[in-house]
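A short write-up of the structure that comes next.
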Amino acid sequence: MWPFGKKVACFQCDAKVKLASTKLRRGFRFCSDACVGAFLAANVLRPRPGVPESDYTNQAVMELGAAVGELNRLLGSDGVTITGSAGSILGAISAAQAMQQLEDAKDAVFRYNDHVTNALPFLYALGRQADADYLECVDLEEIQDMSALGAGPMQNAKVRRIVRPVAERVARIAESL
């Protein structure tokens, strides 16, 4: 810990910067918009080879549904549901996730990030730039750093305050596909 706040290294240029002044994209911290732009230009996301274009929406919905399921682990009974056509695609997935035991918050956030990363290429391919940009900038690191989650994160009001708006927004994105 530095005397005036935590410092981190920029993922692109390795410059040491204050955590509070960094920009987050795809789970990495950057020191400036220039570094973000250079990283995004060098790491263009494309859908996996072999996935037909007609299946992009279903793939994105399934990944986002799984991401909402991971956030619901943190929210417990106060979880978010996905309705509409996206809900019918996700029926079996959501039910299976609801029955699993609540795992620790760090693993749930890691899996959430993994699902969002898998969904991003499909969102970009579908022309959903604003939605993809939002998902790339979501910062749940504060939850990962919490060591005092105690007996259950669903009991923690701070976790609910951070996670619920993100879960609702991700569910709205999935529903709108």
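Just remember, in the structure tokens the first chain shown is A, the second B, etc., residues are 1-based per chain, and ligands are 1-based in the order shown.
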Task: Selection: 8 Å around segment 110-117 of chain A, only C-alpha atoms, excl. self and same-chain fewer than 4 positions, as an MDAnalysis selection string - done: chainID A and resid 26:27 63:64 66:68 70:71 106 121 135:136
Written file, previous selection with N, CA and C atoms, as a PDB file, in the first residue's frame:
```
ATOM      1  N   ARG A  26     -12.596  -4.977 -19.604  1.00  0.00           N
ATOM      2  CA  ARG A  26     -12.415  -6.430 -19.652  1.00  0.00           C
ATOM      3  C   ARG A  26     -11.647  -6.962 -18.447  1.00  0.00           C
ATOM      4  N   GLY A  27     -11.820  -6.339 -17.299  1.00  0.00           N
ATOM      5  CA  GLY A  27     -11.180  -6.818 -16.072  1.00  0.00           C
ATOM      6  C   GLY A  27      -9.756  -6.343 -15.885  1.00  0.00           C
ATOM      7  N   GLU A  63     -24.877 -16.925 -22.284  1.00  0.00           N
ATOM      8  CA  GLU A  63     -23.749 -16.458 -21.468  1.00  0.00           C
ATOM      9  C   GLU A  63     -24.193 -15.397 -20.471  1.00  0.00           C
ATOM     10  N   LEU A  64     -25.033 -14.457 -20.920  1.00  0.00           N
ATOM     11  CA  LEU A  64     -25.513 -13.409 -20.010  1.00  0.00           C
ATOM     12  C   LEU A  64     -26.430 -14.001 -18.940  1.00  0.00           C
ATOM     13  N   ALA A  66     -26.140 -16.992 -17.670  1.00  0.00           N
ATOM     14  CA  ALA A  66     -25.234 -17.622 -16.710  1.00  0.00           C
ATOM     15  C   ALA A  66     -24.558 -16.564 -15.845  1.00  0.00           C
ATOM     16  N   ALA A  67     -24.238 -15.407 -16.433  1.00  0.00           N
ATOM     17  CA  ALA A  67     -23.634 -14.310 -15.659  1.00  0.00           C
ATOM     18  C   ALA A  67     -24.605 -13.804 -14.599  1.00  0.00           C
ATOM     19  N   VAL A  68     -25.883 -13.655 -14.973  1.00  0.00           N
ATOM     20  CA  VAL A  68     -26.903 -13.234 -13.996  1.00  0.00           C
ATOM     21  C   VAL A  68     -27.033 -14.296 -12.904  1.00  0.00           C
ATOM     22  N   GLU A  70     -24.691 -16.173 -11.735  1.00  0.00           N
ATOM     23  CA  GLU A  70     -23.565 -16.008 -10.816  1.00  0.00           C
ATOM     24  C   GLU A  70     -23.805 -14.833  -9.878  1.00  0.00           C
ATOM     25  N   LEU A  71     -24.348 -13.741 -10.400  1.00  0.00           N
ATOM     26  CA  LEU A  71     -24.645 -12.597  -9.525  1.00  0.00           C
ATOM     27  C   LEU A  71     -25.766 -12.945  -8.555  1.00  0.00           C
ATOM     28  N   LYS A 106     -15.878 -14.623  -4.319  1.00  0.00           N
ATOM     29  CA  LYS A 106     -14.779 -14.431  -5.264  1.00  0.00           C
ATOM     30  C   LYS A 106     -14.932 -15.364  -6.457  1.00  0.00           C
ATOM     31  N   PRO A 121     -17.944 -10.994 -27.581  1.00  0.00           N
ATOM     32  CA  PRO A 121     -17.804 -11.050 -29.045  1.00  0.00           C
ATOM     33  C   PRO A 121     -19.146 -11.128 -29.774  1.00  0.00           C
ATOM     34  N   LEU A 135     -20.710  -3.715 -20.119  1.00  0.00           N
ATOM     35  CA  LEU A 135     -20.254  -4.962 -19.499  1.00  0.00           C
ATOM     36  C   LEU A 135     -18.740  -4.993 -19.321  1.00  0.00           C
ATOM     37  N   GLU A 136     -18.013  -4.392 -20.251  1.00  0.00           N
ATOM     38  CA  GLU A 136     -16.554  -4.371 -20.129  1.00  0.00           C
ATOM     39  C   GLU A 136     -16.086  -3.500 -18.968  1.00  0.00           C
TER      40      GLU A 136
END
```
Open item on the list: So that I can check the surroundings of Lys23 of chain A, please list as JSON, numbers by chain every protein, DNA and RNA residue that reaches within 12 Å of it, counting only C-alpha atoms and ignoring chain neighbours fewer than 6 positions away.
Closed with: {"A": [8, 9, 10, 11, 12, 17, 29, 30, 31, 32, 33, 34, 35, 36, 37, 136, 137, 138, 139]}
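For the pair atom CA of Ala108 of chain A and atom CA of Asn58 of chain A, the separation is 22.4 Å.
Between atom CA of Lys18 of chain A and atom CA of Leu40 of chain A the interatomic distance comes to 21.6 Å.
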